[in-house]
$ cat data-v4.cif   # mmCIF, N, CA and C atoms and all ligand atoms
data_work
loop_
_atom_site.label_atom_id
_atom_site.label_comp_id
_atom_site.auth_asym_id
_atom_site.auth_seq_id
_atom_site.Cartn_x
_atom_site.Cartn_y
_atom_site.Cartn_z
N MET T 1069 119.89 59.31 -97.40
CA MET T 1069 119.53 60.19 -98.52
C MET T 1069 118.30 59.65 -99.24
N SER T 1070 117.48 60.56 -99.76
CA SER T 1070 116.20 60.18 -100.33
C SER T 1070 116.14 60.45 -101.84
N ASN T 1071 115.21 59.74 -102.51
CA ASN T 1071 114.89 60.03 -103.91
C ASN T 1071 113.70 60.98 -103.91
N ILE T 1072 113.90 62.18 -104.47
CA ILE T 1072 112.87 63.20 -104.40
C ILE T 1072 112.50 63.67 -105.80
N VAL T 1073 111.21 63.70 -106.10
CA VAL T 1073 110.74 64.22 -107.38
C VAL T 1073 110.08 65.57 -107.11
N VAL T 1074 110.51 66.58 -107.87
CA VAL T 1074 109.92 67.92 -107.74
C VAL T 1074 109.35 68.32 -109.09
N SER T 1075 108.04 68.52 -109.16
CA SER T 1075 107.46 69.02 -110.41
C SER T 1075 107.49 70.55 -110.38
N GLY T 1076 107.54 71.14 -111.59
CA GLY T 1076 107.65 72.60 -111.68
C GLY T 1076 108.97 73.09 -111.15
N ALA T 1077 110.04 72.36 -111.47
CA ALA T 1077 111.36 72.64 -110.89
C ALA T 1077 112.21 73.59 -111.75
N SER T 1078 111.63 74.12 -112.83
CA SER T 1078 112.46 74.96 -113.71
C SER T 1078 112.49 76.42 -113.28
N SER T 1079 111.64 76.80 -112.32
CA SER T 1079 111.64 78.19 -111.86
C SER T 1079 110.97 78.30 -110.50
N GLY T 1080 111.07 79.48 -109.92
CA GLY T 1080 110.31 79.81 -108.71
C GLY T 1080 110.53 78.87 -107.53
N LEU T 1081 109.43 78.57 -106.85
CA LEU T 1081 109.50 77.74 -105.64
C LEU T 1081 110.08 76.36 -105.93
N GLY T 1082 109.64 75.76 -107.05
CA GLY T 1082 110.11 74.41 -107.39
C GLY T 1082 111.61 74.36 -107.61
N GLU T 1083 112.17 75.36 -108.29
CA GLU T 1083 113.62 75.40 -108.51
C GLU T 1083 114.34 75.48 -107.16
N SER T 1084 113.87 76.37 -106.29
CA SER T 1084 114.52 76.53 -104.97
C SER T 1084 114.44 75.23 -104.17
N ILE T 1085 113.28 74.58 -104.22
CA ILE T 1085 113.11 73.32 -103.48
C ILE T 1085 114.06 72.26 -104.04
N ALA T 1086 114.12 72.15 -105.38
CA ALA T 1086 114.99 71.15 -106.01
C ALA T 1086 116.46 71.40 -105.64
N LEU T 1087 116.89 72.64 -105.71
CA LEU T 1087 118.30 72.95 -105.40
C LEU T 1087 118.60 72.73 -103.92
N HIS T 1088 117.62 73.00 -103.07
CA HIS T 1088 117.81 72.77 -101.63
C HIS T 1088 118.10 71.29 -101.36
N PHE T 1089 117.27 70.41 -101.92
CA PHE T 1089 117.46 68.98 -101.66
C PHE T 1089 118.71 68.44 -102.35
N ALA T 1090 119.02 68.96 -103.55
CA ALA T 1090 120.25 68.52 -104.23
C ALA T 1090 121.47 68.91 -103.41
N ALA T 1091 121.47 70.12 -102.85
CA ALA T 1091 122.59 70.57 -102.02
C ALA T 1091 122.70 69.72 -100.76
N ASN T 1092 121.57 69.18 -100.32
CA ASN T 1092 121.53 68.32 -99.12
C ASN T 1092 122.06 66.91 -99.41
N GLY T 1093 122.28 66.60 -100.70
CA GLY T 1093 122.81 65.29 -101.07
C GLY T 1093 121.75 64.30 -101.51
N ASP T 1094 120.50 64.72 -101.51
CA ASP T 1094 119.43 63.83 -101.98
C ASP T 1094 119.49 63.72 -103.51
N THR T 1095 118.92 62.64 -104.03
CA THR T 1095 118.78 62.50 -105.49
C THR T 1095 117.48 63.19 -105.89
N VAL T 1096 117.61 64.17 -106.78
CA VAL T 1096 116.45 64.98 -107.16
C VAL T 1096 116.12 64.77 -108.63
N CYS T 1097 114.88 64.38 -108.91
CA CYS T 1097 114.38 64.31 -110.28
C CYS T 1097 113.52 65.55 -110.49
N ALA T 1098 114.01 66.44 -111.36
CA ALA T 1098 113.37 67.73 -111.58
C ALA T 1098 112.51 67.67 -112.83
N ILE T 1099 111.23 68.02 -112.67
CA ILE T 1099 110.27 67.92 -113.78
C ILE T 1099 109.76 69.31 -114.18
N SER T 1100 109.71 69.55 -115.49
CA SER T 1100 108.91 70.66 -116.05
C SER T 1100 108.84 70.44 -117.56
N ARG T 1101 108.10 71.32 -118.26
CA ARG T 1101 108.00 71.15 -119.71
C ARG T 1101 109.27 71.60 -120.41
N SER T 1102 109.89 72.68 -119.93
CA SER T 1102 110.99 73.31 -120.64
C SER T 1102 112.33 72.63 -120.37
N LYS T 1103 112.83 71.93 -121.39
CA LYS T 1103 114.13 71.26 -121.27
C LYS T 1103 115.24 72.29 -121.06
N GLU T 1104 115.15 73.42 -121.78
CA GLU T 1104 116.20 74.44 -121.71
C GLU T 1104 116.31 75.02 -120.30
N LYS T 1105 115.15 75.36 -119.71
CA LYS T 1105 115.17 75.95 -118.36
C LYS T 1105 115.67 74.92 -117.34
N LEU T 1106 115.24 73.66 -117.50
CA LEU T 1106 115.65 72.62 -116.55
C LEU T 1106 117.14 72.35 -116.64
N GLU T 1107 117.68 72.40 -117.88
CA GLU T 1107 119.12 72.14 -118.05
C GLU T 1107 119.95 73.15 -117.26
N LYS T 1108 119.48 74.41 -117.22
CA LYS T 1108 120.20 75.44 -116.47
C LYS T 1108 120.19 75.13 -114.97
N VAL T 1109 119.06 74.62 -114.48
CA VAL T 1109 118.95 74.26 -113.06
C VAL T 1109 119.87 73.08 -112.75
N VAL T 1110 119.82 72.08 -113.64
CA VAL T 1110 120.57 70.85 -113.41
C VAL T 1110 122.08 71.10 -113.38
N THR T 1111 122.56 72.03 -114.20
CA THR T 1111 124.02 72.27 -114.26
C THR T 1111 124.56 72.80 -112.93
N LYS T 1112 123.66 73.34 -112.08
CA LYS T 1112 124.14 73.85 -110.78
C LYS T 1112 124.54 72.71 -109.84
N TYR T 1113 123.90 71.53 -109.99
CA TYR T 1113 124.24 70.37 -109.15
C TYR T 1113 124.24 69.13 -110.02
N SER T 1114 125.18 69.03 -110.94
CA SER T 1114 125.11 67.98 -111.94
C SER T 1114 125.23 66.56 -111.37
N ASP T 1115 125.80 66.43 -110.16
CA ASP T 1115 126.02 65.09 -109.62
C ASP T 1115 124.73 64.38 -109.22
N ASN T 1116 123.78 65.08 -108.68
CA ASN T 1116 122.63 64.40 -108.08
C ASN T 1116 121.28 65.02 -108.42
N ILE T 1117 121.24 65.79 -109.52
CA ILE T 1117 119.94 66.30 -109.96
C ILE T 1117 119.77 65.96 -111.43
N TYR T 1118 118.61 65.42 -111.75
CA TYR T 1118 118.34 64.88 -113.10
C TYR T 1118 117.07 65.52 -113.62
N PHE T 1119 117.06 65.88 -114.90
CA PHE T 1119 115.84 66.51 -115.41
C PHE T 1119 115.03 65.56 -116.28
N TYR T 1120 113.73 65.75 -116.19
CA TYR T 1120 112.78 64.99 -117.00
C TYR T 1120 111.77 65.99 -117.55
N SER T 1121 111.75 66.10 -118.88
CA SER T 1121 110.83 67.01 -119.52
C SER T 1121 109.44 66.36 -119.58
N LEU T 1122 108.45 67.02 -119.00
CA LEU T 1122 107.11 66.43 -118.90
C LEU T 1122 106.06 67.51 -118.78
N ASP T 1123 104.98 67.36 -119.54
CA ASP T 1123 103.79 68.20 -119.35
C ASP T 1123 102.84 67.39 -118.48
N ILE T 1124 102.67 67.82 -117.23
CA ILE T 1124 101.90 66.99 -116.28
C ILE T 1124 100.40 66.95 -116.59
N SER T 1125 99.95 67.75 -117.56
CA SER T 1125 98.54 67.65 -117.93
C SER T 1125 98.29 66.51 -118.92
N LYS T 1126 99.37 65.85 -119.36
CA LYS T 1126 99.24 64.75 -120.34
C LYS T 1126 99.47 63.41 -119.64
N SER T 1127 98.35 62.69 -119.40
CA SER T 1127 98.40 61.46 -118.59
C SER T 1127 99.40 60.43 -119.12
N GLU T 1128 99.40 60.25 -120.44
CA GLU T 1128 100.28 59.21 -120.99
C GLU T 1128 101.76 59.56 -120.77
N MET T 1129 102.06 60.86 -120.92
CA MET T 1129 103.44 61.32 -120.67
C MET T 1129 103.83 61.09 -119.21
N VAL T 1130 102.86 61.34 -118.30
CA VAL T 1130 103.14 61.15 -116.86
C VAL T 1130 103.55 59.70 -116.61
N ILE T 1131 102.79 58.76 -117.18
CA ILE T 1131 103.07 57.34 -116.97
C ILE T 1131 104.44 56.99 -117.55
N ASN T 1132 104.73 57.46 -118.76
CA ASN T 1132 106.02 57.14 -119.41
C ASN T 1132 107.20 57.72 -118.65
N VAL T 1133 107.07 58.99 -118.24
CA VAL T 1133 108.21 59.63 -117.56
C VAL T 1133 108.43 59.01 -116.18
N PHE T 1134 107.34 58.71 -115.47
CA PHE T 1134 107.52 58.08 -114.16
C PHE T 1134 108.07 56.66 -114.27
N SER T 1135 107.73 55.98 -115.35
CA SER T 1135 108.34 54.66 -115.58
C SER T 1135 109.85 54.83 -115.73
N SER T 1136 110.27 55.88 -116.47
CA SER T 1136 111.71 56.13 -116.65
C SER T 1136 112.37 56.48 -115.32
N ILE T 1137 111.69 57.28 -114.51
CA ILE T 1137 112.26 57.67 -113.21
C ILE T 1137 112.45 56.42 -112.33
N PHE T 1138 111.44 55.55 -112.28
CA PHE T 1138 111.56 54.32 -111.48
C PHE T 1138 112.72 53.47 -111.98
N LYS T 1139 112.83 53.39 -113.33
CA LYS T 1139 113.90 52.57 -113.93
C LYS T 1139 115.28 53.17 -113.59
N ASP T 1140 115.39 54.48 -113.67
CA ASP T 1140 116.69 55.15 -113.46
C ASP T 1140 117.09 55.21 -111.98
N HIS T 1141 116.12 55.39 -111.08
CA HIS T 1141 116.46 55.71 -109.68
C HIS T 1141 115.78 54.83 -108.65
N GLY T 1142 114.92 53.92 -109.06
CA GLY T 1142 114.20 53.09 -108.10
C GLY T 1142 113.00 53.83 -107.54
N LEU T 1143 112.57 53.42 -106.34
CA LEU T 1143 111.34 53.98 -105.77
C LEU T 1143 111.54 55.43 -105.34
N ILE T 1144 110.47 56.18 -105.41
CA ILE T 1144 110.49 57.59 -104.99
C ILE T 1144 110.12 57.66 -103.51
N ASP T 1145 110.91 58.41 -102.74
CA ASP T 1145 110.58 58.60 -101.31
C ASP T 1145 109.61 59.77 -101.11
N VAL T 1146 109.84 60.84 -101.88
CA VAL T 1146 109.03 62.06 -101.68
C VAL T 1146 108.66 62.65 -103.04
N LEU T 1147 107.38 62.97 -103.22
CA LEU T 1147 106.93 63.70 -104.41
C LEU T 1147 106.47 65.09 -103.97
N ILE T 1148 107.12 66.11 -104.52
CA ILE T 1148 106.70 67.49 -104.25
C ILE T 1148 106.03 67.99 -105.51
N ASN T 1149 104.71 67.92 -105.52
CA ASN T 1149 103.94 68.21 -106.73
C ASN T 1149 103.61 69.71 -106.79
N ASN T 1150 104.64 70.47 -107.16
CA ASN T 1150 104.57 71.93 -107.07
C ASN T 1150 104.10 72.60 -108.36
N ALA T 1151 104.23 71.91 -109.52
CA ALA T 1151 103.91 72.54 -110.81
C ALA T 1151 102.47 73.02 -110.82
N GLY T 1152 102.27 74.18 -111.38
CA GLY T 1152 100.91 74.68 -111.46
C GLY T 1152 100.85 76.01 -112.15
N ILE T 1153 99.64 76.43 -112.41
CA ILE T 1153 99.41 77.74 -113.03
C ILE T 1153 98.75 78.62 -111.98
N HIS T 1154 99.38 79.76 -111.74
CA HIS T 1154 98.84 80.67 -110.72
C HIS T 1154 97.91 81.68 -111.38
N MET T 1155 96.68 81.79 -110.84
CA MET T 1155 95.70 82.74 -111.38
C MET T 1155 95.72 84.00 -110.52
N ASN T 1156 95.71 85.14 -111.18
CA ASN T 1156 95.68 86.38 -110.42
C ASN T 1156 94.28 86.99 -110.38
N SER T 1157 93.30 86.28 -110.95
CA SER T 1157 91.95 86.84 -110.97
C SER T 1157 90.95 85.86 -110.37
N GLU T 1158 89.73 86.32 -110.18
CA GLU T 1158 88.66 85.46 -109.67
C GLU T 1158 88.41 84.33 -110.67
N PHE T 1159 88.11 83.13 -110.17
CA PHE T 1159 87.89 81.98 -111.05
C PHE T 1159 86.77 82.29 -112.07
N ALA T 1160 85.74 82.98 -111.63
CA ALA T 1160 84.61 83.29 -112.50
C ALA T 1160 85.02 84.18 -113.68
N ASP T 1161 86.09 84.94 -113.52
CA ASP T 1161 86.52 85.86 -114.58
C ASP T 1161 87.50 85.23 -115.58
N VAL T 1162 87.91 83.99 -115.33
CA VAL T 1162 88.92 83.35 -116.18
C VAL T 1162 88.26 82.75 -117.42
N GLU T 1163 88.90 82.94 -118.58
CA GLU T 1163 88.37 82.37 -119.84
C GLU T 1163 88.29 80.84 -119.74
N TYR T 1164 87.31 80.27 -120.45
CA TYR T 1164 87.10 78.82 -120.38
C TYR T 1164 88.34 78.01 -120.78
N ASP T 1165 89.03 78.46 -121.85
CA ASP T 1165 90.22 77.73 -122.30
C ASP T 1165 91.27 77.64 -121.21
N LEU T 1166 91.45 78.76 -120.51
CA LEU T 1166 92.45 78.78 -119.43
C LEU T 1166 91.99 77.93 -118.25
N LYS T 1167 90.68 77.97 -117.98
CA LYS T 1167 90.14 77.12 -116.90
C LYS T 1167 90.45 75.65 -117.17
N ASP T 1168 90.19 75.22 -118.42
CA ASP T 1168 90.45 73.82 -118.79
C ASP T 1168 91.92 73.48 -118.57
N LYS T 1169 92.80 74.43 -118.96
CA LYS T 1169 94.25 74.20 -118.83
C LYS T 1169 94.64 74.10 -117.35
N ILE T 1170 94.09 75.00 -116.55
CA ILE T 1170 94.41 74.99 -115.11
C ILE T 1170 93.95 73.69 -114.48
N ILE T 1171 92.74 73.25 -114.81
CA ILE T 1171 92.22 72.01 -114.22
C ILE T 1171 93.07 70.82 -114.66
N ALA T 1172 93.48 70.81 -115.93
CA ALA T 1172 94.30 69.70 -116.43
C ALA T 1172 95.66 69.65 -115.71
N VAL T 1173 96.25 70.80 -115.46
CA VAL T 1173 97.58 70.82 -114.80
C VAL T 1173 97.44 70.55 -113.31
N GLN T 1174 96.50 71.23 -112.66
CA GLN T 1174 96.42 71.15 -111.19
C GLN T 1174 95.84 69.83 -110.69
N TYR T 1175 94.94 69.20 -111.47
CA TYR T 1175 94.24 68.02 -110.94
C TYR T 1175 94.53 66.72 -111.67
N ASN T 1176 95.24 66.78 -112.80
CA ASN T 1176 95.49 65.55 -113.55
C ASN T 1176 96.54 64.68 -112.87
N PHE T 1177 97.53 65.33 -112.27
CA PHE T 1177 98.75 64.64 -111.82
C PHE T 1177 98.64 64.23 -110.37
N1 LIG P 1201 103.86 82.38 -106.25
C1 LIG P 1201 102.67 82.53 -105.64
O1 LIG P 1201 102.31 83.61 -105.11
C2 LIG P 1201 101.73 81.35 -105.54
C3 LIG P 1201 100.53 81.48 -104.84
C4 LIG P 1201 99.67 80.37 -104.76
C5 LIG P 1201 100.00 79.18 -105.37
N2 LIG P 1201 101.17 79.11 -106.05
C6 LIG P 1201 101.49 77.82 -106.66
O2 LIG P 1201 102.79 77.40 -106.23
C7 LIG P 1201 103.44 76.73 -107.31
C8 LIG P 1201 104.78 77.39 -107.64
O3 LIG P 1201 104.58 78.77 -107.86
P1 LIG P 1201 105.73 79.65 -108.54
O4 LIG P 1201 105.37 81.07 -108.30
O5 LIG P 1201 107.08 79.15 -108.12
O6 LIG P 1201 105.42 79.32 -110.06
P2 LIG P 1201 106.32 79.50 -111.39
O7 LIG P 1201 107.59 80.25 -111.14
O8 LIG P 1201 105.37 80.01 -112.44
O9 LIG P 1201 106.71 78.00 -111.72
C9 LIG P 1201 105.76 77.08 -112.15
C10 LIG P 1201 106.50 75.83 -112.54
O10 LIG P 1201 105.54 74.88 -112.99
C11 LIG P 1201 105.96 74.36 -114.23
N3 LIG P 1201 104.79 73.99 -115.01
C12 LIG P 1201 103.73 74.76 -115.38
N4 LIG P 1201 102.87 74.05 -116.09
C13 LIG P 1201 103.39 72.80 -116.21
C14 LIG P 1201 102.97 71.62 -116.87
N5 LIG P 1201 101.82 71.55 -117.58
N6 LIG P 1201 103.74 70.52 -116.77
C15 LIG P 1201 104.92 70.55 -116.09
N7 LIG P 1201 105.37 71.64 -115.44
C16 LIG P 1201 104.61 72.75 -115.52
C17 LIG P 1201 106.79 75.49 -114.88
O11 LIG P 1201 107.77 74.99 -115.77
P3 LIG P 1201 107.63 74.92 -117.37
O12 LIG P 1201 107.04 76.23 -117.82
O13 LIG P 1201 109.03 74.68 -117.85
O14 LIG P 1201 106.75 73.76 -117.63
C18 LIG P 1201 107.51 76.04 -113.65
O15 LIG P 1201 108.68 75.28 -113.38
C19 LIG P 1201 102.48 76.77 -108.51
O16 LIG P 1201 101.74 75.57 -108.52
C20 LIG P 1201 101.57 77.94 -108.18
O17 LIG P 1201 100.30 77.81 -108.78
C21 LIG P 1201 102.03 80.14 -106.16
#
$ encode --input "data-v4.cif" --output "structure tokens" --more "lines below"
Ligand SMILES: NC(=O)c1ccc[n+]([C@@H]2O[C@H](COP(=O)([O-])OP(=O)(O)OC[C@H]3O[C@@H](n4cnc5c(N)ncnc54)[C@H](OP(=O)(O)O)[C@@H]3O)[C@@H](O)[C@H]2O)c1
Amino acid sequence: MSNIVVSGASSGLGESIALHFAANGDTVCAISRSKEKLEKVVTKYSDNIYFYSLDISKSEMVINVFSSIFKDHGLIDVLINNAGIHMNSEFADVEYDLKDKIIAVQYNF
């Protein structure tokens, strides 16, 4: 069994990936900003899925939360870095504020 970290695990693809590995018996550390949404995911497999509230665009938070994960579970075998913001428009048409946010989330972590 492996230690697996899934970012963006509170909904969509990340939630499905986290639940798949938890059902497989792996230890899953589920990351997203929303504690409330993550708690709902975690209650489905309370034995081997753990939530960590983290905004991956904040470097200092990333370091602190990953230090906690290492302390709680040891080394990570697999990181599924799924968290992100999906754009439905051309990059050139996106407002600057949103561009900055997308770059911080997609490329900081
Ligand atoms: N669905 C598509 O058609 C599609 C196409 C191309 C690429 N993608 C990419 O595939 C990934 C998953 O897509 P999806 O449709 O499943 O997305 P989704 O349902 O919108 O889920 C995105 C996840 O990322 C988390 N997240 C967003 N910003 C975050 C941040 N700053 N820090 C930590 N977590 C953050 C969200 O949780 P919180 O809000 O709780 O933080 C959520 O759990 C995304 O990276 C997306 O860009 C999707």
$ residues_near_ligand --input "data-v4.cif" --ligand "ligand LIG 1201 (chain P)" --cutoff "8 Å" --atoms "only N, CA and C atoms and all ligand atoms" --output "PyMOL selection string"
chain T and resi 1075-1084+1099-1106+1121-1126+1149-1155+1169+1172-1174
$ write_last_selection --input "data-v4.cif" --atoms "N, CA and C atoms" --output "CSV table (one decimal), in the coordinates of the input"
chain,number,residue,atom,x,y,z
T,1075,SER,N,108.0,68.5,-109.2
T,1075,SER,CA,107.5,69.0,-110.4
T,1075,SER,C,107.5,70.6,-110.4
T,1076,GLY,N,107.5,71.1,-111.6
T,1076,GLY,CA,107.6,72.6,-111.7
T,1076,GLY,C,109.0,73.1,-111.2
T,1077,ALA,N,110.0,72.4,-111.5
T,1077,ALA,CA,111.4,72.6,-110.9
T,1077,ALA,C,112.2,73.6,-111.8
T,1078,SER,N,111.6,74.1,-112.8
T,1078,SER,CA,112.5,75.0,-113.7
T,1078,SER,C,112.5,76.4,-113.3
T,1079,SER,N,111.6,76.8,-112.3
T,1079,SER,CA,111.6,78.2,-111.9
T,1079,SER,C,111.0,78.3,-110.5
T,1080,GLY,N,111.1,79.5,-109.9
T,1080,GLY,CA,110.3,79.8,-108.7
T,1080,GLY,C,110.5,78.9,-107.5
T,1081,LEU,N,109.4,78.6,-106.8
T,1081,LEU,CA,109.5,77.7,-105.6
T,1081,LEU,C,110.1,76.4,-105.9
T,1082,GLY,N,109.6,75.8,-107.0
T,1082,GLY,CA,110.1,74.4,-107.4
T,1082,GLY,C,111.6,74.4,-107.6
T,1083,GLU,N,112.2,75.4,-108.3
T,1083,GLU,CA,113.6,75.4,-108.5
T,1083,GLU,C,114.3,75.5,-107.2
T,1084,SER,N,113.9,76.4,-106.3
T,1084,SER,CA,114.5,76.5,-105.0
T,1084,SER,C,114.4,75.2,-104.2
T,1099,ILE,N,111.2,68.0,-112.7
T,1099,ILE,CA,110.3,67.9,-113.8
T,1099,ILE,C,109.8,69.3,-114.2
T,1100,SER,N,109.7,69.6,-115.5
T,1100,SER,CA,108.9,70.7,-116.0
T,1100,SER,C,108.8,70.4,-117.6
T,1101,ARG,N,108.1,71.3,-118.3
T,1101,ARG,CA,108.0,71.2,-119.7
T,1101,ARG,C,109.3,71.6,-120.4
T,1102,SER,N,109.9,72.7,-119.9
T,1102,SER,CA,111.0,73.3,-120.6
T,1102,SER,C,112.3,72.6,-120.4
T,1103,LYS,N,112.8,71.9,-121.4
T,1103,LYS,CA,114.1,71.3,-121.3
T,1103,LYS,C,115.2,72.3,-121.1
T,1104,GLU,N,115.2,73.4,-121.8
T,1104,GLU,CA,116.2,74.4,-121.7
T,1104,GLU,C,116.3,75.0,-120.3
T,1105,LYS,N,115.2,75.4,-119.7
T,1105,LYS,CA,115.2,76.0,-118.4
T,1105,LYS,C,115.7,74.9,-117.3
T,1106,LEU,N,115.2,73.7,-117.5
T,1106,LEU,CA,115.6,72.6,-116.6
T,1106,LEU,C,117.1,72.4,-116.6
T,1121,SER,N,111.8,66.1,-118.9
T,1121,SER,CA,110.8,67.0,-119.5
T,1121,SER,C,109.4,66.4,-119.6
T,1122,LEU,N,108.4,67.0,-119.0
T,1122,LEU,CA,107.1,66.4,-118.9
T,1122,LEU,C,106.1,67.5,-118.8
T,1123,ASP,N,105.0,67.4,-119.5
T,1123,ASP,CA,103.8,68.2,-119.4
T,1123,ASP,C,102.8,67.4,-118.5
T,1124,ILE,N,102.7,67.8,-117.2
T,1124,ILE,CA,101.9,67.0,-116.3
T,1124,ILE,C,100.4,67.0,-116.6
T,1125,SER,N,100.0,67.8,-117.6
T,1125,SER,CA,98.5,67.6,-117.9
T,1125,SER,C,98.3,66.5,-118.9
T,1126,LYS,N,99.4,65.8,-119.4
T,1126,LYS,CA,99.2,64.8,-120.3
T,1126,LYS,C,99.5,63.4,-119.6
T,1149,ASN,N,104.7,67.9,-105.5
T,1149,ASN,CA,103.9,68.2,-106.7
T,1149,ASN,C,103.6,69.7,-106.8
T,1150,ASN,N,104.6,70.5,-107.2
T,1150,ASN,CA,104.6,71.9,-107.1
T,1150,ASN,C,104.1,72.6,-108.4
T,1151,ALA,N,104.2,71.9,-109.5
T,1151,ALA,CA,103.9,72.5,-110.8
T,1151,ALA,C,102.5,73.0,-110.8
T,1152,GLY,N,102.3,74.2,-111.4
T,1152,GLY,CA,100.9,74.7,-111.5
T,1152,GLY,C,100.8,76.0,-112.2
T,1153,ILE,N,99.6,76.4,-112.4
T,1153,ILE,CA,99.4,77.7,-113.0
T,1153,ILE,C,98.8,78.6,-112.0
T,1154,HIS,N,99.4,79.8,-111.7
T,1154,HIS,CA,98.8,80.7,-110.7
T,1154,HIS,C,97.9,81.7,-111.4
T,1155,MET,N,96.7,81.8,-110.8
T,1155,MET,CA,95.7,82.7,-111.4
T,1155,MET,C,95.7,84.0,-110.5
T,1169,LYS,N,92.8,74.4,-119.0
T,1169,LYS,CA,94.2,74.2,-118.8
T,1169,LYS,C,94.6,74.1,-117.4
T,1172,ALA,N,93.5,70.8,-115.9
T,1172,ALA,CA,94.3,69.7,-116.4
T,1172,ALA,C,95.7,69.6,-115.7
T,1173,VAL,N,96.2,70.8,-115.5
T,1173,VAL,CA,97.6,70.8,-114.8
T,1173,VAL,C,97.4,70.6,-113.3
T,1174,GLN,N,96.5,71.2,-112.7
T,1174,GLN,CA,96.4,71.2,-111.2
T,1174,GLN,C,95.8,69.8,-110.7
$ residues_around --input "data-v4.cif" --residues "Ser1070 of chain T" --least-positions-apart "4" --cutoff "6 Å" --atoms "all atoms listed in the file" --output "list of chain:residue names"
T:Gly1093, T:Asp1094, T:Thr1095, T:Asp1145
$ atom_distance --input "data-v4.cif" --atom1 "atom C of Ile1171 of chain T" --atom2 "atom N of Met1129 of chain T"
14.8 Å
$ closest_residue --input "data-v4.cif" --among "T:Ile1144, T:Val1074, T:Ala1090, T:Phe1134" --to "Asn1116 of chain T" --atoms "only N, CA and C atoms"
T:Ala1090
$ atom_distance --input "data-v4.cif" --atom1 "atom CA of Val1146 of chain T" --atom2 "atom CA of Asp1115 of chain T"
19.0 Å
$ select_by_dssp --input "data-v4.cif" --residues "segment 1076-1131 of chain T" --states "helix (DSSP H, G or I)" --output "number ranges by chain"
T: 1080-1091, 1103-1113, 1127-1131
$ write_last_selection --input "data-v4.cif" --atoms "N, CA and C atoms" --output "compact mmCIF listing (two decimals), in the coordinates of the input"
# COMPACT_ATOMS: atom_id res chain seq x y z
N GLY T 1080 111.07 79.48 -109.92
CA GLY T 1080 110.31 79.81 -108.71
C GLY T 1080 110.53 78.87 -107.53
N LEU T 1081 109.43 78.57 -106.85
CA LEU T 1081 109.50 77.74 -105.64
C LEU T 1081 110.08 76.36 -105.93
N GLY T 1082 109.64 75.76 -107.05
CA GLY T 1082 110.11 74.41 -107.39
C GLY T 1082 111.61 74.36 -107.61
N GLU T 1083 112.17 75.36 -108.29
CA GLU T 1083 113.62 75.40 -108.51
C GLU T 1083 114.34 75.48 -107.16
N SER T 1084 113.87 76.37 -106.29
CA SER T 1084 114.52 76.53 -104.97
C SER T 1084 114.44 75.23 -104.17
N ILE T 1085 113.28 74.58 -104.22
CA ILE T 1085 113.11 73.32 -103.48
C ILE T 1085 114.06 72.26 -104.04
N ALA T 1086 114.12 72.15 -105.38
CA ALA T 1086 114.99 71.15 -106.01
C ALA T 1086 116.46 71.40 -105.64
N LEU T 1087 116.89 72.64 -105.71
CA LEU T 1087 118.30 72.95 -105.40
C LEU T 1087 118.60 72.73 -103.92
N HIS T 1088 117.62 73.00 -103.07
CA HIS T 1088 117.81 72.77 -101.63
C HIS T 1088 118.10 71.29 -101.36
N PHE T 1089 117.27 70.41 -101.92
CA PHE T 1089 117.46 68.98 -101.66
C PHE T 1089 118.71 68.44 -102.35
N ALA T 1090 119.02 68.96 -103.55
CA ALA T 1090 120.25 68.52 -104.23
C ALA T 1090 121.47 68.91 -103.41
N ALA T 1091 121.47 70.12 -102.85
CA ALA T 1091 122.59 70.57 -102.02
C ALA T 1091 122.70 69.72 -100.76
N LYS T 1103 112.83 71.93 -121.39
CA LYS T 1103 114.13 71.26 -121.27
C LYS T 1103 115.24 72.29 -121.06
N GLU T 1104 115.15 73.42 -121.78
CA GLU T 1104 116.20 74.44 -121.71
C GLU T 1104 116.31 75.02 -120.30
N LYS T 1105 115.15 75.36 -119.71
CA LYS T 1105 115.17 75.95 -118.36
C LYS T 1105 115.67 74.92 -117.34
N LEU T 1106 115.24 73.66 -117.50
CA LEU T 1106 115.65 72.62 -116.55
C LEU T 1106 117.14 72.35 -116.64
N GLU T 1107 117.68 72.40 -117.88
CA GLU T 1107 119.12 72.14 -118.05
C GLU T 1107 119.95 73.15 -117.26
N LYS T 1108 119.48 74.41 -117.22
CA LYS T 1108 120.20 75.44 -116.47
C LYS T 1108 120.19 75.13 -114.97
N VAL T 1109 119.06 74.62 -114.48
CA VAL T 1109 118.95 74.26 -113.06
C VAL T 1109 119.87 73.08 -112.75
N VAL T 1110 119.82 72.08 -113.64
CA VAL T 1110 120.57 70.85 -113.41
C VAL T 1110 122.08 71.10 -113.38
N THR T 1111 122.56 72.03 -114.20
CA THR T 1111 124.02 72.27 -114.26
C THR T 1111 124.56 72.80 -112.93
N LYS T 1112 123.66 73.34 -112.08
CA LYS T 1112 124.14 73.85 -110.78
C LYS T 1112 124.54 72.71 -109.84
N TYR T 1113 123.90 71.53 -109.99
CA TYR T 1113 124.24 70.37 -109.15
C TYR T 1113 124.24 69.13 -110.02
N SER T 1127 98.35 62.69 -119.40
CA SER T 1127 98.40 61.46 -118.59
C SER T 1127 99.40 60.43 -119.12
N GLU T 1128 99.40 60.25 -120.44
CA GLU T 1128 100.28 59.21 -120.99
C GLU T 1128 101.76 59.56 -120.77
N MET T 1129 102.06 60.86 -120.92
CA MET T 1129 103.44 61.32 -120.67
C MET T 1129 103.83 61.09 -119.21
N VAL T 1130 102.86 61.34 -118.30
CA VAL T 1130 103.14 61.15 -116.86
C VAL T 1130 103.55 59.70 -116.61
N ILE T 1131 102.79 58.76 -117.18
CA ILE T 1131 103.07 57.34 -116.97
C ILE T 1131 104.44 56.99 -117.55
$ closest_residue --input "data-v4.cif" --among "T:Val1110, T:Val1162, T:Cys1097, T:Ile1170" --to "Asp1140 of chain T" --atoms "only C-alpha atoms"
T:Cys1097
$ atom_distance --input "data-v4.cif" --atom1 "atom N of Glu1163 of chain T" --atom2 "atom C of Tyr1175 of chain T"
18.5 Å
